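A.B. asks: Structure file target-v8.pdb, PDB, C-alpha atoms and all ligand atoms, is pasted below:
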```
ATOM      1  CA  MET D 110     -17.971 -48.274 -11.999
ATOM      2  CA  ILE D 111     -17.668 -51.795 -10.552
ATOM      3  CA  LEU D 112     -16.583 -53.100 -13.970
ATOM      4  CA  LEU D 113     -14.011 -50.328 -14.218
ATOM      5  CA  LEU D 114     -12.631 -51.243 -10.790
ATOM      6  CA  LEU D 115     -12.452 -54.919 -11.729
ATOM      7  CA  VAL D 116     -10.666 -54.119 -14.974
ATOM      8  CA  LEU D 117      -8.220 -51.820 -13.216
ATOM      9  CA  CYS D 118      -7.533 -54.502 -10.606
ATOM     10  CA  GLY D 119      -6.698 -56.901 -13.434
ATOM     11  CA  GLN D 120      -9.471 -59.329 -12.557
ATOM     12  CA  PRO D 121     -12.156 -58.788 -15.165
ATOM     13  CA  ASP D 122     -14.736 -61.539 -15.138
ATOM     14  CA  ALA D 123     -17.298 -59.630 -17.123
ATOM     15  CA  PRO D 124     -17.971 -60.807 -20.669
ATOM     16  CA  THR D 125     -16.804 -58.887 -23.728
ATOM     17  CA  PRO D 126     -19.673 -56.539 -24.694
ATOM     18  CA  MET D 127     -21.562 -57.849 -27.765
ATOM     19  CA  LYS D 128     -20.580 -54.827 -29.893
ATOM     20  CA  GLN D 129     -16.915 -55.519 -29.136
ATOM     21  CA  CYS D 130     -17.392 -59.220 -29.971
ATOM     22  CA  GLU D 131     -18.734 -58.145 -33.365
ATOM     23  CA  LYS D 132     -15.775 -55.812 -33.811
ATOM     24  CA  ALA D 133     -13.255 -58.557 -32.957
ATOM     25  CA  VAL D 134     -14.872 -60.949 -35.421
ATOM     26  CA  SER D 135     -14.821 -58.326 -38.173
ATOM     27  CA  ILE D 136     -11.200 -57.268 -37.497
ATOM     28  CA  LEU D 137     -10.050 -60.877 -37.758
ATOM     29  CA  LEU D 138     -11.590 -61.551 -41.194
ATOM     30  CA  LEU D 139     -12.291 -65.129 -40.139
ATOM     31  CA  THR D 140     -13.158 -67.712 -42.756
ATOM     32  CA  LYS D 141     -14.520 -71.247 -42.506
ATOM     33  CA  ASP D 142     -10.914 -72.486 -42.539
ATOM     34  CA  ASP D 143     -10.157 -70.791 -39.225
ATOM     35  CA  VAL D 144     -10.197 -72.413 -35.823
ATOM     36  CA  PHE D 145     -11.003 -69.708 -33.296
ATOM     37  CA  TYR D 146     -10.202 -70.355 -29.615
ATOM     38  CA  ASP D 147     -11.550 -68.250 -26.763
ATOM     39  CA  LEU D 148      -9.223 -68.834 -23.804
ATOM     40  CA  GLY D 149     -11.527 -68.327 -20.830
ATOM     41  CA  CYS D 150     -14.755 -68.445 -22.828
ATOM     42  CA  GLY D 151     -17.225 -67.301 -20.162
ATOM     43  CA  ASP D 152     -20.799 -67.604 -21.459
ATOM     44  CA  GLY D 153     -19.640 -68.644 -24.951
ATOM     45  CA  ARG D 154     -20.858 -65.508 -26.691
ATOM     46  CA  ILE D 155     -17.823 -64.859 -28.873
ATOM     47  CA  VAL D 156     -17.221 -68.440 -29.996
ATOM     48  CA  SER D 157     -20.904 -68.649 -30.969
ATOM     49  CA  MET D 158     -20.808 -65.334 -32.784
ATOM     50  CA  ALA D 159     -17.604 -66.195 -34.655
ATOM     51  CA  ALA D 160     -19.112 -69.480 -35.866
ATOM     52  CA  MET D 161     -22.504 -67.943 -36.757
ATOM     53  CA  LYS D 162     -21.066 -65.016 -38.674
ATOM     54  CA  THR D 163     -18.222 -66.743 -40.492
ATOM     55  CA  GLY D 164     -18.792 -70.501 -40.460
ATOM     56  CA  CYS D 165     -15.412 -71.036 -38.756
ATOM     57  CA  ARG D 166     -14.876 -73.745 -36.192
ATOM     58  CA  ALA D 167     -14.519 -72.449 -32.656
ATOM     59  CA  VAL D 168     -13.475 -73.763 -29.269
ATOM     60  CA  GLY D 169     -14.050 -72.282 -25.827
ATOM     61  CA  ILE D 170     -12.105 -73.267 -22.725
ATOM     62  CA  ASP D 171     -12.996 -72.265 -19.182
ATOM     63  CA  TYR D 172     -12.156 -73.581 -15.719
ATOM     64  CA  ASP D 173     -15.442 -72.489 -14.192
ATOM     65  CA  GLU D 174     -17.963 -75.333 -14.430
ATOM     66  CA  LYS D 175     -20.968 -72.998 -14.342
ATOM     67  CA  ARG D 176     -19.603 -70.968 -17.244
ATOM     68  CA  VAL D 177     -18.820 -74.123 -19.207
ATOM     69  CA  LYS D 178     -22.450 -75.194 -18.778
ATOM     70  CA  LEU D 179     -23.708 -71.754 -19.767
ATOM     71  CA  ALA D 180     -21.403 -71.617 -22.795
ATOM     72  CA  ARG D 181     -22.691 -75.004 -23.988
ATOM     73  CA  GLN D 182     -26.263 -73.678 -23.663
ATOM     74  CA  THR D 183     -25.362 -70.553 -25.658
ATOM     75  CA  VAL D 184     -23.834 -72.690 -28.393
ATOM     76  CA  LYS D 185     -26.923 -74.894 -28.517
ATOM     77  CA  GLN D 186     -29.346 -71.946 -28.523
ATOM     78  CA  ASN D 187     -27.433 -70.408 -31.416
ATOM     79  CA  LYS D 188     -27.531 -73.737 -33.288
ATOM     80  CA  VAL D 189     -23.791 -73.833 -33.866
ATOM     81  CA  ASP D 190     -23.050 -77.012 -31.908
ATOM     82  CA  HIS D 191     -21.772 -78.626 -35.120
ATOM     83  CA  LEU D 192     -19.045 -75.938 -35.256
ATOM     84  CA  VAL D 193     -18.299 -75.094 -31.620
ATOM     85  CA  LYS D 194     -16.901 -77.173 -28.766
ATOM     86  CA  ILE D 195     -16.589 -76.071 -25.150
ATOM     87  CA  TYR D 196     -14.036 -77.662 -22.809
ATOM     88  CA  HIS D 197     -13.603 -77.534 -19.071
ATOM     89  CA  ALA D 198      -9.919 -76.943 -18.316
ATOM     90  CA  ASP D 199      -7.485 -74.660 -16.555
ATOM     91  CA  LEU D 200      -5.556 -72.639 -19.134
ATOM     92  CA  ARG D 201      -2.405 -72.948 -17.033
ATOM     93  CA  GLU D 202      -2.440 -76.653 -17.838
ATOM     94  CA  VAL D 203      -3.212 -76.490 -21.533
ATOM     95  CA  ASP D 204      -0.461 -77.052 -24.096
ATOM     96  CA  PHE D 205      -1.462 -74.440 -26.665
ATOM     97  CA  GLU D 206       1.131 -75.583 -29.166
ATOM     98  CA  LYS D 207      -0.755 -78.854 -29.644
ATOM     99  CA  LEU D 208      -4.062 -77.152 -30.493
ATOM    100  CA  PRO D 209      -5.168 -76.693 -34.120
ATOM    101  CA  ALA D 210      -5.865 -73.002 -33.462
ATOM    102  CA  THR D 211      -5.466 -70.242 -36.026
ATOM    103  CA  VAL D 212      -6.677 -67.535 -33.615
ATOM    104  CA  PHE D 213      -6.566 -67.174 -29.829
ATOM    105  CA  TYR D 214      -8.931 -64.665 -28.257
ATOM    106  CA  LEU D 215      -8.156 -63.489 -24.738
ATOM    107  CA  TYR D 216     -10.038 -61.386 -22.241
ATOM    108  CA  LEU D 217      -8.159 -62.338 -19.128
ATOM    109  CA  PRO D 218      -6.520 -60.700 -16.128
ATOM    110  CA  GLN D 219      -3.131 -59.176 -16.892
ATOM    111  CA  LYS D 220      -1.381 -61.506 -14.443
ATOM    112  CA  LEU D 221      -2.706 -64.618 -16.186
ATOM    113  CA  ILE D 222      -1.862 -63.197 -19.621
ATOM    114  CA  LYS D 223       1.709 -62.713 -18.444
ATOM    115  CA  GLU D 224       1.845 -66.286 -17.198
ATOM    116  CA  LEU D 225       0.441 -67.730 -20.442
ATOM    117  CA  THR D 226       2.508 -65.617 -22.868
ATOM    118  CA  PRO D 227       5.605 -67.895 -23.099
ATOM    119  CA  LYS D 228       3.319 -70.817 -24.037
ATOM    120  CA  LEU D 229       1.388 -68.704 -26.548
ATOM    121  CA  GLN D 230       4.623 -67.560 -28.184
ATOM    122  CA  LYS D 231       5.364 -71.140 -29.158
ATOM    123  CA  CYS D 232       2.327 -71.208 -31.455
ATOM    124  CA  GLN D 233       3.819 -70.213 -34.767
ATOM    125  CA  GLY D 234       1.527 -68.674 -37.347
ATOM    126  CA  VAL D 235      -1.264 -68.043 -34.888
ATOM    127  CA  VAL D 236      -3.017 -64.690 -34.415
ATOM    128  CA  ILE D 237      -3.600 -63.584 -30.826
ATOM    129  CA  ILE D 238      -6.187 -60.943 -30.079
ATOM    130  CA  SER D 239      -6.463 -59.610 -26.546
ATOM    131  CA  TYR D 240      -9.260 -57.371 -25.344
ATOM    132  CA  ILE D 241      -8.227 -54.499 -23.044
ATOM    133  CA  HIS D 242      -4.935 -55.990 -21.848
ATOM    134  CA  PRO D 243      -1.788 -56.147 -24.005
ATOM    135  CA  LEU D 244       0.590 -59.084 -23.986
ATOM    136  CA  PRO D 245       4.065 -58.388 -22.588
ATOM    137  CA  ILE D 246       5.666 -58.652 -26.038
ATOM    138  CA  ASP D 247       6.951 -55.731 -27.997
ATOM    139  CA  HIS D 248       5.238 -56.008 -31.347
ATOM    140  CA  GLY D 249       1.655 -56.132 -32.410
ATOM    141  CA  ARG D 250      -0.873 -53.492 -33.201
ATOM    142  CA  LYS D 251      -3.735 -51.835 -31.370
ATOM    143  CA  GLU D 252      -7.170 -51.460 -32.892
ATOM    144  CA  GLY D 253      -9.668 -49.816 -30.574
ATOM    145  CA  ASP D 254      -9.562 -51.810 -27.349
ATOM    146  CA  PHE D 255      -7.895 -54.809 -29.006
ATOM    147  CA  PHE D 256      -4.229 -55.750 -29.074
ATOM    148  CA  ILE D 257      -3.373 -57.992 -32.010
ATOM    149  CA  TYR D 258      -0.267 -60.125 -32.517
ATOM    150  CA  LYS D 259       0.889 -62.578 -35.147
ATOM    151  CA  ILE D 260       3.341 -65.138 -33.835
ATOM    152  CA  LEU D 261       5.985 -65.449 -36.507
ATOM    153  CA  LYS D 262       8.359 -68.257 -37.306
ATOM    154  CA  GLY D 263      11.544 -68.039 -35.264
ATOM    155  CA  GLU D 264       9.800 -66.468 -32.318
ATOM    156  CA  LYS D 265       9.808 -69.728 -30.358
ATOM    157  CA  LYS D 266      10.940 -69.298 -26.797
TER     158      LYS D 266
HETATM  159  C1  LIG F 301     -13.382 -61.633 -18.483
HETATM  160  S1  LIG F 301     -14.102 -63.214 -18.647
HETATM  161  C2  LIG F 301     -14.151 -63.272 -20.421
HETATM  162  C3  LIG F 301     -15.145 -64.242 -20.947
HETATM  163  C4  LIG F 301     -15.195 -64.358 -22.467
HETATM  164  N1  LIG F 301     -13.900 -64.652 -23.026
HETATM  165  C5  LIG F 301     -15.672 -63.084 -23.078
HETATM  166  O1  LIG F 301     -14.852 -62.370 -23.642
HETATM  167  O2  LIG F 301     -16.882 -62.788 -22.979
HETATM  168  C6  LIG F 301     -12.714 -64.290 -18.235
HETATM  169  C7  LIG F 301     -13.051 -65.766 -18.239
HETATM  170  O3  LIG F 301     -11.832 -66.495 -18.070
HETATM  171  C8  LIG F 301     -12.057 -67.582 -17.220
HETATM  172  N2  LIG F 301     -10.759 -67.935 -16.616
HETATM  173  C9  LIG F 301      -9.999 -67.181 -15.793
HETATM  174  N3  LIG F 301      -8.884 -67.848 -15.447
HETATM  175  C10 LIG F 301      -8.923 -69.051 -16.071
HETATM  176  C11 LIG F 301      -8.054 -70.189 -16.118
HETATM  177  N4  LIG F 301      -6.904 -70.226 -15.435
HETATM  178  N5  LIG F 301      -8.409 -71.245 -16.864
HETATM  179  C12 LIG F 301      -9.587 -71.234 -17.578
HETATM  180  N6  LIG F 301     -10.440 -70.197 -17.564
HETATM  181  C13 LIG F 301     -10.128 -69.108 -16.827
HETATM  182  C14 LIG F 301     -13.099 -67.078 -16.226
HETATM  183  O4  LIG F 301     -13.812 -68.162 -15.632
HETATM  184  C15 LIG F 301     -13.969 -66.196 -17.114
HETATM  185  O5  LIG F 301     -15.041 -66.942 -17.662
END
```
Show me this structure written as C-alpha cells.
C.D. replies:
Amino acid sequence: MILLLLVLCGQPDAPTPMKQCEKAVSILLLTKDDVFYDLGCGDGRIVSMAAMKTGCRAVGIDYDEKRVKLARQTVKQNKVDHLVKIYHADLREVDFEKLPATVFYLYLPQKLIKELTPKLQKCQGVVIISYIHPLPIDHGRKEGDFFIYKILKGEKK
C-alpha cells in the first residue's frame, strides 16, 4: 500500500522487484557488446543482474551516497566488478550524449523523467527502457510494466 502511494505520488524510491529486473534483461536481449546504464541505480541489483546474465558492461549512477555504497557492495558480492562501475552523480548534471551507453534503464519519478527526456533524446541509437512511468514522447512500445523507446537518427532536439 505504501509502495502504491509512493508510485502514485511519482516518488518511487523502492527498487525494481527482482522478477521485473529479470524480465527487463530478457526483453532487451543484451549481449556482451552492450553498455547498460541504470540511471538512479539504487542498490545495484539490475546492473549486477544484467552483467551476470549477459556478460554486458554496465554502469549505475545515483546521487545518494548510501545507495552508491550499497550498489558497489552488490556488484562485489556478485563478482561482476570487472564489468560494472557505479558512479556518484546527480542525473540532472550528467551529459548523457557523451556516455558510451547502448541502453538506459530508468525507474525514476515522473517529474525527473520529464526533466531528463530532452537530454535522453539526444542519444541517437540508444534504447531507453522505463519501468512503470512512460517518457513524454509519442512513440515506443509497452511490454508489461515497461515502456521501451529507440532513439532514432534525426530525433535530436
Ligand atoms: C525507484 S529507485 C530505483 C533504483 C534502481 N534503478 C532499481 O530499479 O532498483 C530510484 C533511484 O534513483 C535515485 N535518484 C533519484 N533522483 C536522482 C538524481 N537526480 N540523480 C541520481 N540519482 C537519483 C534514487 O536515489 C534511487 O536510488
A.B. asks: Given the choices D:Asp143, D:Val236, D:Lys259, D:Lys175, which gets closest to Tyr214 (chain D) if the distance is worked out from all atoms listed in the file?
C.D. replies: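 Checking each candidate against Tyr214 (chain D), we get D:Val236 as the closest.
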A.B. asks: Report as a ChimeraX atom specification the residues that result from applying the PyMOL selection byres (((chain D and resi 201) around 9) and not hetatm) to the structure here.
C.D. replies: /D:198-200,202-204,221,224-225
A.B. asks: Hey, what's within 8 Å of Val193 (chain D) if we count only C-alpha atoms and toss same-chain stuff fewer than 5 positions away? As number ranges by chain, please?
C.D. replies: D: 156-157, 160, 166-169, 184
A.B. asks: Show me which residues line ligand LIG 301 (chain F), defined as having an atom within 6 Å of a ligand atom where all atoms listed in the file count, and present them as a list in words.
C.D. replies: Pro121, Asp122, Ala123, Pro124, Thr125, Asp147, Gly149, Cys150, Gly151, Asp171, Tyr172, Asp173, Ala198, Asp199, Leu200, Arg201, Tyr216 and Leu217 of chain D
A.B. asks: Residues as selected, C-alpha atoms, written as a compact mmCIF listing (two decimals), in the frame of the given file, can you do that?
C.D. replies:
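Result went into part-v5.txt, see below:
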```txt
# COMPACT_ATOMS: atom_id res chain seq x y z
CA PRO D 121 -12.16 -58.79 -15.16
CA ASP D 122 -14.74 -61.54 -15.14
CA ALA D 123 -17.30 -59.63 -17.12
CA PRO D 124 -17.97 -60.81 -20.67
CA THR D 125 -16.80 -58.89 -23.73
CA ASP D 147 -11.55 -68.25 -26.76
CA GLY D 149 -11.53 -68.33 -20.83
CA CYS D 150 -14.76 -68.44 -22.83
CA GLY D 151 -17.23 -67.30 -20.16
CA ASP D 171 -13.00 -72.26 -19.18
CA TYR D 172 -12.16 -73.58 -15.72
CA ASP D 173 -15.44 -72.49 -14.19
CA ALA D 198 -9.92 -76.94 -18.32
CA ASP D 199 -7.48 -74.66 -16.56
CA LEU D 200 -5.56 -72.64 -19.13
CA ARG D 201 -2.40 -72.95 -17.03
CA TYR D 216 -10.04 -61.39 -22.24
CA LEU D 217 -8.16 -62.34 -19.13
```
A.B. asks: Between CA of Pro227 (chain D) and CA of Ala133 (chain D), what is the distance, to one decimal in Å?
C.D. replies: 23.2 Å
